$ cat model.tsv   # TSV, C-alpha atoms and all ligand atoms
chain	number	residue	atom	x	y	z
A	99	MET	CA	-39.85	2.27	-23.24
A	100	LEU	CA	-39.04	4.79	-25.89
A	101	VAL	CA	-35.39	4.80	-26.92
A	102	GLN	CA	-33.58	7.72	-28.50
A	103	THR	CA	-30.71	6.43	-30.61
A	104	ILE	CA	-27.87	8.00	-32.53
A	105	THR	CA	-25.50	5.55	-34.11
A	106	PRO	CA	-23.93	7.30	-37.13
A	107	ASN	CA	-20.21	6.64	-37.65
A	108	THR	CA	-19.94	4.09	-34.85
A	109	THR	CA	-17.96	1.58	-36.97
A	110	TYR	CA	-15.73	4.40	-38.17
A	111	GLU	CA	-15.13	5.60	-34.58
A	112	PHE	CA	-14.51	2.04	-33.38
A	113	ALA	CA	-11.93	1.50	-36.15
A	114	ALA	CA	-10.25	4.82	-35.35
A	115	ASP	CA	-10.07	4.05	-31.60
A	116	VAL	CA	-8.77	0.51	-32.24
A	117	GLY	CA	-6.11	1.95	-34.57
A	118	LYS	CA	-5.08	4.57	-32.02
A	119	GLY	CA	-4.98	2.13	-29.11
A	120	LEU	CA	-3.03	-0.66	-30.84
A	121	THR	CA	-0.41	1.66	-32.33
A	122	LYS	CA	0.25	3.52	-29.07
A	123	PRO	CA	3.97	3.55	-28.23
A	124	GLY	CA	4.62	1.37	-25.17
A	125	GLN	CA	1.47	-0.24	-23.76
A	126	LYS	CA	-1.13	-1.22	-26.40
A	127	GLU	CA	-4.71	-0.59	-25.30
A	128	LEU	CA	-8.37	-0.98	-26.26
A	129	LEU	CA	-10.94	1.27	-24.57
A	130	SER	CA	-13.07	-0.51	-21.96
A	131	LYS	CA	-16.31	0.97	-23.30
A	132	TYR	CA	-15.95	-1.40	-26.30
A	133	LEU	CA	-16.25	-4.44	-24.00
A	134	TYR	CA	-20.03	-3.88	-24.06
A	135	ASP	CA	-21.51	-5.08	-27.33
A	136	ASP	CA	-24.48	-7.51	-27.17
A	137	VAL	CA	-22.25	-10.45	-26.18
A	138	GLY	CA	-20.22	-8.36	-23.71
A	139	SER	CA	-23.33	-6.98	-21.99
A	140	ALA	CA	-24.77	-10.50	-21.64
A	141	LEU	CA	-21.46	-11.77	-20.21
A	142	PHE	CA	-21.25	-8.85	-17.77
A	143	GLU	CA	-24.71	-9.79	-16.51
A	144	VAL	CA	-23.41	-13.33	-15.83
A	145	ILE	CA	-20.31	-11.91	-14.06
A	146	SER	CA	-22.61	-10.00	-11.72
A	147	HIS	CA	-24.01	-13.37	-10.51
A	148	LEU	CA	-20.63	-15.09	-9.98
A	149	PRO	CA	-19.71	-16.04	-6.40
A	150	GLU	CA	-16.28	-14.38	-6.83
A	151	TYR	CA	-17.76	-11.02	-7.93
A	152	GLY	CA	-19.27	-9.75	-4.68
A	153	LEU	CA	-19.44	-6.15	-5.90
A	154	THR	CA	-22.90	-6.23	-7.52
A	155	ARG	CA	-24.48	-8.08	-4.60
A	156	ALA	CA	-22.98	-5.55	-2.13
A	157	ASP	CA	-24.32	-2.65	-4.22
A	158	GLU	CA	-27.75	-4.29	-4.38
A	159	ARG	CA	-27.84	-5.05	-0.62
A	160	LEU	CA	-27.14	-1.38	0.16
A	161	LEU	CA	-29.79	-0.15	-2.28
A	162	ARG	CA	-32.37	-2.63	-0.93
A	163	ARG	CA	-31.62	-1.80	2.69
A	164	HIS	CA	-31.29	1.98	2.38
A	165	GLY	CA	-33.41	2.77	-0.72
A	166	SER	CA	-36.19	4.45	1.31
A	167	ASP	CA	-33.70	6.50	3.37
A	168	ILE	CA	-31.91	7.61	0.18
A	169	VAL	CA	-35.17	8.68	-1.44
A	170	GLU	CA	-36.32	10.56	1.69
A	171	ARG	CA	-33.21	12.74	1.52
A	172	LEU	CA	-33.98	13.94	-2.03
A	173	ALA	CA	-35.59	17.24	-2.99
A	174	THR	CA	-38.79	16.48	-4.93
A	175	PRO	CA	-40.24	16.31	-7.54
A	176	VAL	CA	-37.29	14.41	-8.95
A	177	SER	CA	-36.48	12.54	-12.17
A	178	VAL	CA	-33.81	9.85	-12.34
A	179	ALA	CA	-31.01	9.53	-14.90
A	180	GLU	CA	-28.70	6.50	-14.74
A	181	LEU	CA	-25.22	6.49	-16.31
A	182	GLY	CA	-24.39	3.06	-17.76
A	183	SER	CA	-27.51	1.40	-16.34
A	184	GLY	CA	-26.64	-2.12	-17.53
A	185	SER	CA	-29.63	-4.39	-16.83
A	186	GLY	CA	-30.97	-1.95	-14.20
A	187	ARG	CA	-31.70	-4.84	-11.81
A	188	LYS	CA	-30.43	-3.04	-8.68
A	189	THR	CA	-32.03	0.26	-9.65
A	190	ARG	CA	-35.48	-1.23	-8.90
A	191	HIS	CA	-34.94	-0.56	-5.16
A	192	ILE	CA	-34.53	3.19	-5.71
A	193	LEU	CA	-37.25	3.47	-8.35
A	194	GLU	CA	-39.84	1.55	-6.32
A	195	ALA	CA	-39.16	3.69	-3.24
A	196	LEU	CA	-39.49	6.83	-5.36
A	197	CYS	CA	-42.60	5.67	-7.23
A	198	ARG	CA	-44.37	5.18	-3.88
A	199	ARG	CA	-44.02	8.96	-3.44
A	200	GLN	CA	-44.47	10.35	-6.96
A	201	ARG	CA	-44.82	9.46	-10.64
A	202	THR	CA	-41.21	9.05	-11.80
A	203	ALA	CA	-39.47	9.55	-15.13
A	204	TYR	CA	-36.42	7.28	-15.46
A	205	TYR	CA	-33.74	7.88	-18.12
A	206	PRO	CA	-31.17	5.07	-18.52
A	207	ILE	CA	-28.15	6.24	-20.55
A	208	GLU	CA	-26.20	3.43	-22.24
A	209	ILE	CA	-23.89	2.82	-25.17
A	210	SER	CA	-25.06	-0.80	-25.30
A	211	PRO	CA	-28.45	-1.19	-27.04
A	212	SER	CA	-28.92	-4.69	-25.62
A	213	ALA	CA	-28.27	-3.43	-22.05
A	214	LEU	CA	-30.93	-0.74	-22.62
A	215	ALA	CA	-33.39	-3.40	-23.81
A	216	MET	CA	-32.62	-5.57	-20.73
A	217	CYS	CA	-33.14	-2.54	-18.52
A	218	GLU	CA	-36.60	-1.87	-19.93
A	219	ARG	CA	-37.66	-5.51	-19.54
A	220	GLU	CA	-36.38	-5.47	-15.96
A	221	LEU	CA	-38.13	-2.29	-14.78
A	222	ARG	CA	-41.24	-1.67	-16.90
A	223	ASP	CA	-43.58	-3.39	-14.44
A	224	ILE	CA	-42.96	-0.75	-11.72
A	225	GLU	CA	-46.12	1.19	-11.08
A	226	SER	CA	-46.07	4.96	-11.82
A	227	ILE	CA	-42.85	4.87	-13.87
A	228	SER	CA	-42.11	6.13	-17.37
A	229	ILE	CA	-38.87	5.01	-19.04
A	230	LEU	CA	-37.06	6.84	-21.82
A	231	GLY	CA	-33.71	5.28	-22.74
A	232	PHE	CA	-30.83	7.14	-24.39
A	233	GLU	CA	-28.34	5.18	-26.48
A	234	ARG	CA	-25.54	7.65	-25.83
A	235	GLU	CA	-22.22	8.21	-24.08
A	236	TYR	CA	-22.67	9.23	-20.42
A	237	LEU	CA	-22.33	13.01	-20.62
A	238	ASP	CA	-24.06	13.41	-24.01
A	239	GLY	CA	-27.05	11.54	-22.60
A	240	LEU	CA	-27.06	13.50	-19.34
A	241	LEU	CA	-26.98	16.82	-21.21
A	242	GLU	CA	-30.07	15.75	-23.17
A	243	VAL	CA	-31.89	14.61	-20.06
A	244	ALA	CA	-31.04	17.88	-18.27
A	245	ALA	CA	-32.26	19.89	-21.28
A	246	GLN	CA	-35.71	18.22	-21.01
A	247	ARG	CA	-36.32	19.03	-17.36
A	248	ARG	CA	-39.18	21.32	-16.36
A	249	SER	CA	-38.60	24.20	-13.96
A	250	GLY	CA	-38.69	23.06	-10.31
A	251	GLN	CA	-37.90	19.47	-11.34
A	252	HIS	CA	-34.82	18.02	-9.60
A	253	LEU	CA	-32.55	15.36	-10.99
A	254	LEU	CA	-31.06	12.32	-9.24
A	255	VAL	CA	-28.14	10.84	-11.22
A	256	LEU	CA	-27.22	7.22	-10.50
A	257	PHE	CA	-23.70	5.98	-11.22
A	258	LEU	CA	-23.72	2.53	-9.65
A	259	GLY	CA	-21.58	-0.61	-9.71
A	260	SER	CA	-18.35	1.37	-9.17
A	261	THR	CA	-18.16	2.14	-12.90
A	262	ILE	CA	-16.40	5.36	-11.78
A	263	GLY	CA	-13.43	3.03	-11.07
A	264	ASN	CA	-12.88	2.55	-14.82
A	265	PHE	CA	-11.50	6.12	-14.86
A	266	ASP	CA	-8.07	6.78	-13.35
A	267	ARG	CA	-8.29	8.94	-10.21
A	268	PRO	CA	-7.75	12.40	-11.80
A	269	ALA	CA	-10.06	11.52	-14.74
A	270	GLY	CA	-12.68	10.26	-12.27
A	271	ILE	CA	-12.71	13.63	-10.49
A	272	ARG	CA	-12.87	15.47	-13.84
A	273	PHE	CA	-15.80	13.27	-14.86
A	274	LEU	CA	-17.67	13.97	-11.59
A	275	ALA	CA	-17.00	17.70	-12.08
A	276	GLU	CA	-18.50	17.47	-15.60
A	277	VAL	CA	-21.59	15.77	-14.12
A	278	ARG	CA	-21.78	18.54	-11.49
A	279	ARG	CA	-21.62	21.25	-14.19
A	280	ILE	CA	-24.70	19.75	-15.87
A	281	LEU	CA	-26.62	19.62	-12.56
A	282	GLN	CA	-28.25	22.41	-10.54
A	283	PRO	CA	-28.20	23.09	-6.80
A	284	GLY	CA	-30.59	20.64	-5.12
A	285	ASP	CA	-29.79	17.86	-7.61
A	286	SER	CA	-27.96	14.77	-6.41
A	287	LEU	CA	-25.67	11.95	-7.48
A	288	LEU	CA	-25.79	8.44	-5.99
A	289	LEU	CA	-22.31	7.04	-6.54
A	290	GLY	CA	-21.32	3.41	-5.94
A	291	THR	CA	-17.64	2.88	-5.09
A	292	ASP	CA	-15.87	-0.43	-4.57
A	293	LEU	CA	-13.49	-0.20	-1.60
A	294	GLU	CA	-9.96	-1.54	-1.15
A	295	LYS	CA	-9.78	-5.19	-0.13
A	296	ALA	CA	-7.35	-8.13	-0.06
A	297	ASN	CA	-5.49	-8.70	-3.33
A	298	VAL	CA	-6.50	-12.35	-3.45
A	299	GLN	CA	-10.19	-11.39	-3.26
A	300	LEU	CA	-9.72	-8.78	-6.00
A	301	LEU	CA	-7.86	-11.12	-8.33
A	302	ARG	CA	-10.57	-13.78	-7.97
A	303	ALA	CA	-13.26	-11.19	-8.72
A	304	TYR	CA	-11.57	-10.31	-12.04
A	305	ASP	CA	-10.39	-13.82	-12.99
A	306	ASP	CA	-13.13	-16.26	-11.97
A	307	GLU	CA	-12.80	-20.03	-11.96
A	308	LEU	CA	-15.45	-20.58	-14.67
A	309	GLY	CA	-13.69	-18.25	-17.09
A	310	VAL	CA	-16.63	-15.87	-17.64
A	311	THR	CA	-14.48	-12.76	-17.09
A	312	ALA	CA	-11.89	-14.23	-19.45
A	313	ALA	CA	-14.64	-14.65	-22.10
A	314	PHE	CA	-15.85	-11.09	-21.42
A	315	ASN	CA	-12.33	-9.76	-22.02
A	316	LEU	CA	-11.57	-11.97	-25.06
A	317	ASN	CA	-14.91	-10.98	-26.60
A	318	LEU	CA	-13.32	-7.58	-27.28
A	319	LEU	CA	-10.98	-9.25	-29.82
A	320	ALA	CA	-13.92	-11.28	-31.16
A	321	ARG	CA	-15.78	-7.98	-31.59
A	322	VAL	CA	-12.87	-6.51	-33.55
A	323	ASN	CA	-13.00	-9.64	-35.75
A	324	ARG	CA	-16.79	-9.36	-36.22
A	325	GLU	CA	-17.03	-5.63	-36.83
A	326	LEU	CA	-13.67	-4.76	-38.42
A	327	ASP	CA	-12.98	-8.05	-40.30
A	328	ALA	CA	-9.83	-8.68	-38.24
A	329	ASP	CA	-8.17	-12.09	-37.87
A	330	PHE	CA	-7.31	-12.26	-34.15
A	331	ASP	CA	-6.80	-15.93	-33.22
A	332	LEU	CA	-8.51	-15.94	-29.81
A	333	GLY	CA	-6.68	-19.10	-28.76
A	334	GLN	CA	-3.39	-17.19	-29.02
A	335	PHE	CA	-4.43	-14.60	-26.40
A	336	ALA	CA	-4.94	-15.13	-22.68
A	337	HIS	CA	-6.97	-13.13	-20.15
A	338	VAL	CA	-4.83	-11.71	-17.34
A	339	ALA	CA	-5.94	-9.83	-14.19
A	340	ARG	CA	-3.20	-7.87	-12.38
A	341	ILE	CA	-3.03	-5.67	-9.31
A	342	ASN	CA	-1.53	-2.26	-9.94
A	343	HIS	CA	-0.31	-1.42	-6.41
A	344	GLN	CA	0.65	2.15	-7.25
A	345	ASP	CA	-2.74	3.00	-8.79
A	346	ARG	CA	-4.70	0.84	-6.31
A	347	SER	CA	-6.51	-0.81	-9.20
A	348	VAL	CA	-7.09	-4.17	-10.84
A	349	GLU	CA	-6.14	-4.22	-14.52
A	350	MET	CA	-7.41	-6.58	-17.19
A	351	HIS	CA	-5.08	-7.38	-20.07
A	352	LEU	CA	-5.06	-9.71	-23.09
A	353	LEU	CA	-1.67	-11.40	-23.33
A	354	SER	CA	-0.23	-12.59	-26.62
A	355	ARG	CA	0.86	-16.24	-26.16
A	356	CYS	CA	3.35	-16.04	-29.05
A	357	ARG	CA	4.88	-13.68	-31.59
A	358	GLN	CA	2.09	-13.02	-34.09
A	359	ILE	CA	0.76	-10.66	-36.72
A	360	VAL	CA	-2.89	-9.57	-36.87
A	361	ASN	CA	-4.68	-7.92	-39.79
A	362	ILE	CA	-7.47	-5.41	-39.14
A	363	PRO	CA	-8.61	-4.41	-42.66
A	364	ALA	CA	-11.40	-2.00	-41.63
A	365	ALA	CA	-8.84	-0.03	-39.61
A	366	GLU	CA	-6.21	-0.38	-42.36
A	367	LEU	CA	-3.81	-1.95	-39.86
A	368	ILE	CA	-1.34	-4.79	-39.61
A	369	ILE	CA	-0.19	-5.18	-35.98
A	370	GLU	CA	2.67	-7.22	-34.63
A	371	PHE	CA	2.60	-8.69	-31.12
A	372	ARG	CA	5.64	-9.98	-29.22
A	373	GLU	CA	5.27	-13.13	-27.11
A	374	GLY	CA	4.08	-11.98	-23.67
A	375	GLU	CA	3.06	-8.51	-24.87
A	376	THR	CA	-0.35	-7.35	-23.57
A	377	ILE	CA	-3.28	-5.19	-24.60
A	378	TRP	CA	-4.64	-3.27	-21.59
A	379	THR	CA	-8.45	-3.37	-21.73
A	380	GLU	CA	-9.77	-2.13	-18.36
A	381	SER	CA	-8.79	-0.78	-14.96
A	382	SER	CA	-10.99	-0.89	-11.87
A	383	HIS	CA	-9.77	1.53	-9.21
A	384	LYS	CA	-10.53	0.85	-5.55
A	385	TYR	CA	-11.16	3.55	-2.94
A	386	SER	CA	-11.00	4.29	0.76
A	387	PRO	CA	-14.28	5.58	2.27
A	388	GLU	CA	-12.67	8.95	3.18
A	389	GLU	CA	-11.24	9.38	-0.29
A	390	VAL	CA	-14.77	9.45	-1.71
A	391	PHE	CA	-15.55	12.55	0.44
A	392	SER	CA	-12.56	14.41	-0.94
A	393	MET	CA	-13.28	13.33	-4.54
A	394	ALA	CA	-16.84	14.61	-4.09
A	395	ARG	CA	-15.62	17.95	-2.67
A	396	SER	CA	-13.07	18.42	-5.48
A	397	ALA	CA	-15.85	17.90	-8.03
A	398	GLY	CA	-18.25	20.40	-6.38
A	399	PHE	CA	-20.46	18.01	-4.41
A	400	ARG	CA	-21.13	17.60	-0.68
A	401	CYS	CA	-21.35	14.03	0.63
A	402	GLU	CA	-24.73	13.88	2.39
A	403	ALA	CA	-24.44	10.24	3.47
A	404	GLN	CA	-22.37	7.12	2.96
A	405	TRP	CA	-23.46	3.52	3.54
A	406	ILE	CA	-20.91	0.66	3.66
A	407	ASP	CA	-21.70	-3.01	3.12
A	408	GLU	CA	-20.62	-5.36	5.90
A	409	GLN	CA	-19.90	-8.42	3.75
A	410	TRP	CA	-18.00	-6.93	0.77
A	411	PRO	CA	-16.28	-3.54	1.26
A	412	PHE	CA	-18.36	-1.29	-0.99
A	413	ALA	CA	-19.76	2.21	-0.35
A	414	GLU	CA	-22.92	3.86	-1.63
A	415	ASN	CA	-22.48	7.64	-1.48
A	416	LEU	CA	-25.23	10.25	-1.76
A	417	LEU	CA	-23.64	13.44	-3.11
A	418	MET	CA	-25.49	16.76	-3.21
A	419	ALA	CA	-24.93	19.48	-5.78
A	420	GLU	CA	-24.71	22.78	-3.88
B	1	LIG	C1	-19.52	-2.05	-15.24
B	1	LIG	S1	-21.03	-2.01	-16.15
B	1	LIG	C2	-22.13	-1.55	-14.84
B	1	LIG	C3	-23.58	-1.78	-15.14
B	1	LIG	C4	-24.52	-1.42	-13.98
B	1	LIG	N1	-24.50	0.00	-13.72
B	1	LIG	C5	-24.15	-2.19	-12.74
B	1	LIG	O1	-23.84	-1.55	-11.74
B	1	LIG	O2	-24.22	-3.43	-12.75
B	1	LIG	C6	-20.87	-0.49	-17.07
B	1	LIG	C7	-22.06	-0.16	-17.96
B	1	LIG	O3	-21.82	1.13	-18.55
B	1	LIG	C8	-22.00	1.10	-19.97
B	1	LIG	N2	-21.00	2.03	-20.53
B	1	LIG	C9	-19.65	1.86	-20.58
B	1	LIG	N3	-19.07	2.96	-21.10
B	1	LIG	C10	-20.07	3.84	-21.40
B	1	LIG	C11	-20.09	5.15	-21.93
B	1	LIG	N4	-18.98	5.78	-22.27
B	1	LIG	N5	-21.29	5.77	-22.07
B	1	LIG	C12	-22.46	5.13	-21.72
B	1	LIG	N6	-22.50	3.87	-21.20
B	1	LIG	C13	-21.32	3.24	-21.03
B	1	LIG	C14	-21.75	-0.35	-20.37
B	1	LIG	O4	-22.45	-0.69	-21.54
B	1	LIG	C15	-22.23	-1.13	-19.14
B	1	LIG	O5	-23.58	-1.52	-19.25
$ encode --input "model.tsv" --output "structure tokens"
Amino acid sequence: MLVQTITPNTTYEFAADVGKGLTKPGQKELLSKYLYDDVGSALFEVISHLPEYGLTRADERLLRRHGSDIVERLATPVSVAELGSGSGRKTRHILEALCRRQRTAYYPIEISPSALAMCERELRDIESISILGFEREYLDGLLEVAAQRRSGQHLLVLFLGSTIGNFDRPAGIRFLAEVRRILQPGDSLLLGTDLEKANVQLLRAYDDELGVTAAFNLNLLARVNRELDADFDLGQFAHVARINHQDRSVEMHLLSRCRQIVNIPAAELIIEFREGETIWTESSHKYSPEEVFSMARSAGFRCEAQWIDEQWPFAENLLMAE
């Protein structure tokens, strides 16, 4: 796989975002995209195998079962761009179905270089595929992919694993509308959405018994230590998963076990934490199946088909740009 990379100023941007998030009045926060450095991407891969985290298996079951049907509904010839591909393991079902029909160019778009490398190792053996990875933010990468397309070539965008749920609901619709603006009529978006389910099931999914999700969350502080020379004492923070009933989401926080002061020299910051105060690191919004239709419409898509898993409420949605 060829990889196009731009990484100037990333430490500077990271320091600026950490500074902004930790000095926010009220709730302190760190952006969830920073969970995915090399360690975070490896830990997320482990999470996707945990018995408590049924989401990835549901997504994969739907793609395996309906991959051929999904591909048959697409206008061809078609290239595939994937937003936040991660390891790309599940994507094989779509790419293999497509490669049986045509040679296929696949463009994973990732901010995590190690996830991009995993993705190439995972998918390079598929016959009739070419892979060009973009180490970029979602929309920057998609703009570049769209700029390369030849006339008559359609685009299928994959946004799997319910990563859309990391946006709050209005931001999620704005994001889908941005994707739509980059696409042309006849293009499509395959969107994975985790559906509402019992709170106890959700809390277990985001706070597993082995503590892998806790390590994934705490690694964000370890990353700030590694990259910005900070002195977070990881033992003095605890992983917490909470249901936000109003937002219909699960939130991940890092809770300060005591009153403490942390130095972050590369961000020129000294931050005080009260005992019990939290840093909000991620939200995962959950949807109703009907809500996905209206989100799609608001963003300028038509929902062509929706498939729902029987074991773990999760919907795969094929949205058409009109
Ligand atoms: C929840 S994981 C999902 C991975 C995979 N799609 C799946 O379904 O298992 C989100 C992925 O998106 C990537 N990511 C997060 N924020 C991003 C951003 N702003 N731009 C590009 N990639 C991003 C992360 O590195 C991570 O691999």
$ closest_residue --input "model.tsv" --among "A:Ala313, A:Val322, A:Ala113, A:Leu120" --to "Met350 (chain A)" --atoms "only C-alpha atoms"
A:Ala313
$ closest_residue --input "model.tsv" --among "A:Glu218, A:Glu194, A:Gly290, A:Arg162" --to "ligand LIG 1 (chain B)" --atoms "only C-alpha atoms and all ligand atoms"
A:Gly290
$ closest_atom_pairs --input "model.tsv" --of "chain A" --to "ligand LIG 1 (chain B)" --cutoff "6 Å" --atoms "all atoms listed in the file" --output "Markdown table"
| residue | atom | partner | partner_atom | distance |
| --- | --- | --- | --- | --- |
| A:Lys131 | CA | B:LIG1 | N3 | 4.1 |
| A:Tyr134 | CA | B:LIG1 | O4 | 4.7 |
| A:Gly182 | CA | B:LIG1 | O3 | 3.3 |
| A:Ser183 | CA | B:LIG1 | N1 | 4.2 |
| A:Gly184 | CA | B:LIG1 | O5 | 3.6 |
| A:Ile207 | CA | B:LIG1 | C12 | 5.9 |
| A:Glu208 | CA | B:LIG1 | N6 | 3.9 |
| A:Ile209 | CA | B:LIG1 | N6 | 4.3 |
| A:Ser210 | CA | B:LIG1 | O4 | 4.6 |
| A:Ala213 | CA | B:LIG1 | O5 | 5.8 |
| A:Arg234 | CA | B:LIG1 | C12 | 5.7 |
| A:Glu235 | CA | B:LIG1 | N5 | 3.3 |
| A:Tyr236 | CA | B:LIG1 | N5 | 4.1 |
| A:Leu258 | CA | B:LIG1 | O1 | 4.6 |
| A:Gly259 | CA | B:LIG1 | O1 | 3.2 |
| A:Thr261 | CA | B:LIG1 | C1 | 5.0 |
$ residues_around --input "model.tsv" --residues "Glu402 (chain A)" --least-positions-apart "5" --cutoff "10 Å" --atoms "only C-alpha atoms" --output "PyMOL selection string"
chain A and resi 168+171+286+391+415-419
$ closest_residue --input "model.tsv" --among "A:Leu353, A:Ile145, A:Leu241, A:Leu193" --to "Val277 (chain A)" --atoms "all atoms listed in the file"
A:Leu241
$ closest_residue --input "model.tsv" --among "A:Phe232, A:Trp378, A:Phe257, A:Phe314" --to "Asp157 (chain A)" --atoms "all atoms listed in the file"
A:Phe257
$ residues_around --input "model.tsv" --residues "region 268-271 of chain A" --least-positions-apart "2" --cutoff "10 Å" --atoms "only C-alpha atoms" --output "list in words"
Thr261, Ile262, Gly263, Asn264, Phe265, Asp266, Phe273, Leu274, Ala275, Glu276, Val277, His383, Val390, Ser392, Met393, Ala394, Arg395, Ser396, Ala397 and Gly398 of chain A
$ write_last_selection --input "model.tsv" --atoms "C-alpha atoms" --output "short mmCIF file (atom, residue, chain, number, x, y, z; two decimals), keeping the file's coordinate frame"
data_model
loop_
_atom_site.label_atom_id
_atom_site.label_comp_id
_atom_site.auth_asym_id
_atom_site.auth_seq_id
_atom_site.Cartn_x
_atom_site.Cartn_y
_atom_site.Cartn_z
CA THR A 261 -18.16 2.14 -12.90
CA ILE A 262 -16.40 5.36 -11.78
CA GLY A 263 -13.43 3.03 -11.07
CA ASN A 264 -12.88 2.55 -14.82
CA PHE A 265 -11.50 6.12 -14.86
CA ASP A 266 -8.07 6.78 -13.35
CA PHE A 273 -15.80 13.27 -14.86
CA LEU A 274 -17.67 13.97 -11.59
CA ALA A 275 -17.00 17.70 -12.08
CA GLU A 276 -18.50 17.47 -15.60
CA VAL A 277 -21.59 15.77 -14.12
CA HIS A 383 -9.77 1.53 -9.21
CA VAL A 390 -14.77 9.45 -1.71
CA SER A 392 -12.56 14.41 -0.94
CA MET A 393 -13.28 13.33 -4.54
CA ALA A 394 -16.84 14.61 -4.09
CA ARG A 395 -15.62 17.95 -2.67
CA SER A 396 -13.07 18.42 -5.48
CA ALA A 397 -15.85 17.90 -8.03
CA GLY A 398 -18.25 20.40 -6.38
#
$ closest_residue --input "model.tsv" --among "A:Leu172, A:Glu150, A:Tyr205, A:Leu133" --to "Phe112 (chain A)" --atoms "all atoms listed in the file"
A:Leu133
$ build_atoms --input "model.tsv" --residues "region 325-342 of chain A" --atoms "N, CA and C atoms" --output "mmCIF file, in the coordinates of the input"
data_model
loop_
_atom_site.group_PDB
_atom_site.id
_atom_site.type_symbol
_atom_site.label_atom_id
_atom_site.label_comp_id
_atom_site.auth_asym_id
_atom_site.auth_seq_id
_atom_site.Cartn_x
_atom_site.Cartn_y
_atom_site.Cartn_z
ATOM 1 N N GLU A 325 -16.622 -6.939 -36.301
ATOM 2 C CA GLU A 325 -17.030 -5.630 -36.830
ATOM 3 C C GLU A 325 -15.990 -5.000 -37.743
ATOM 4 N N LEU A 326 -14.708 -5.402 -37.599
ATOM 5 C CA LEU A 326 -13.670 -4.760 -38.420
ATOM 6 C C LEU A 326 -12.932 -5.789 -39.277
ATOM 7 N N ASP A 327 -13.529 -6.985 -39.435
ATOM 8 C CA ASP A 327 -12.980 -8.050 -40.300
ATOM 9 C C ASP A 327 -11.560 -8.455 -39.933
ATOM 10 N N ALA A 328 -11.200 -8.345 -38.667
ATOM 11 C CA ALA A 328 -9.830 -8.680 -38.240
ATOM 12 C C ALA A 328 -9.672 -10.205 -38.132
ATOM 13 N N ASP A 329 -8.404 -10.638 -37.971
ATOM 14 C CA ASP A 329 -8.170 -12.090 -37.870
ATOM 15 C C ASP A 329 -7.441 -12.453 -36.575
ATOM 16 N N PHE A 330 -7.858 -11.845 -35.453
ATOM 17 C CA PHE A 330 -7.310 -12.260 -34.150
ATOM 18 C C PHE A 330 -7.619 -13.737 -33.943
ATOM 19 N N ASP A 331 -6.600 -14.530 -33.586
ATOM 20 C CA ASP A 331 -6.800 -15.930 -33.220
ATOM 21 C C ASP A 331 -6.972 -15.945 -31.693
ATOM 22 N N LEU A 332 -8.213 -16.110 -31.250
ATOM 23 C CA LEU A 332 -8.510 -15.940 -29.810
ATOM 24 C C LEU A 332 -7.730 -16.928 -28.947
ATOM 25 N N GLY A 333 -7.434 -18.092 -29.510
ATOM 26 C CA GLY A 333 -6.680 -19.100 -28.760
ATOM 27 C C GLY A 333 -5.245 -18.664 -28.487
ATOM 28 N N GLN A 334 -4.774 -17.668 -29.193
ATOM 29 C CA GLN A 334 -3.390 -17.190 -29.020
ATOM 30 C C GLN A 334 -3.307 -15.985 -28.083
ATOM 31 N N PHE A 335 -4.438 -15.679 -27.402
ATOM 32 C CA PHE A 335 -4.430 -14.600 -26.400
ATOM 33 C C PHE A 335 -5.007 -15.141 -25.097
ATOM 34 N N ALA A 336 -4.470 -14.666 -23.989
ATOM 35 C CA ALA A 336 -4.940 -15.130 -22.680
ATOM 36 C C ALA A 336 -5.411 -13.931 -21.853
ATOM 37 N N HIS A 337 -6.483 -14.151 -21.092
ATOM 38 C CA HIS A 337 -6.970 -13.130 -20.150
ATOM 39 C C HIS A 337 -6.052 -13.079 -18.936
ATOM 40 N N VAL A 338 -5.671 -11.862 -18.532
ATOM 41 C CA VAL A 338 -4.830 -11.710 -17.340
ATOM 42 C C VAL A 338 -5.423 -10.612 -16.462
ATOM 43 N N ALA A 339 -5.561 -10.875 -15.151
ATOM 44 C CA ALA A 339 -5.940 -9.830 -14.190
ATOM 45 C C ALA A 339 -4.711 -9.549 -13.326
ATOM 46 N N ARG A 340 -4.398 -8.253 -13.135
ATOM 47 C CA ARG A 340 -3.200 -7.870 -12.380
ATOM 48 C C ARG A 340 -3.544 -6.767 -11.400
ATOM 49 N N ILE A 341 -2.890 -6.794 -10.241
ATOM 50 C CA ILE A 341 -3.030 -5.670 -9.310
ATOM 51 C C ILE A 341 -2.008 -4.607 -9.691
ATOM 52 N N ASN A 342 -2.456 -3.383 -9.798
ATOM 53 C CA ASN A 342 -1.530 -2.260 -9.940
ATOM 54 C C ASN A 342 -1.478 -1.576 -8.564
#
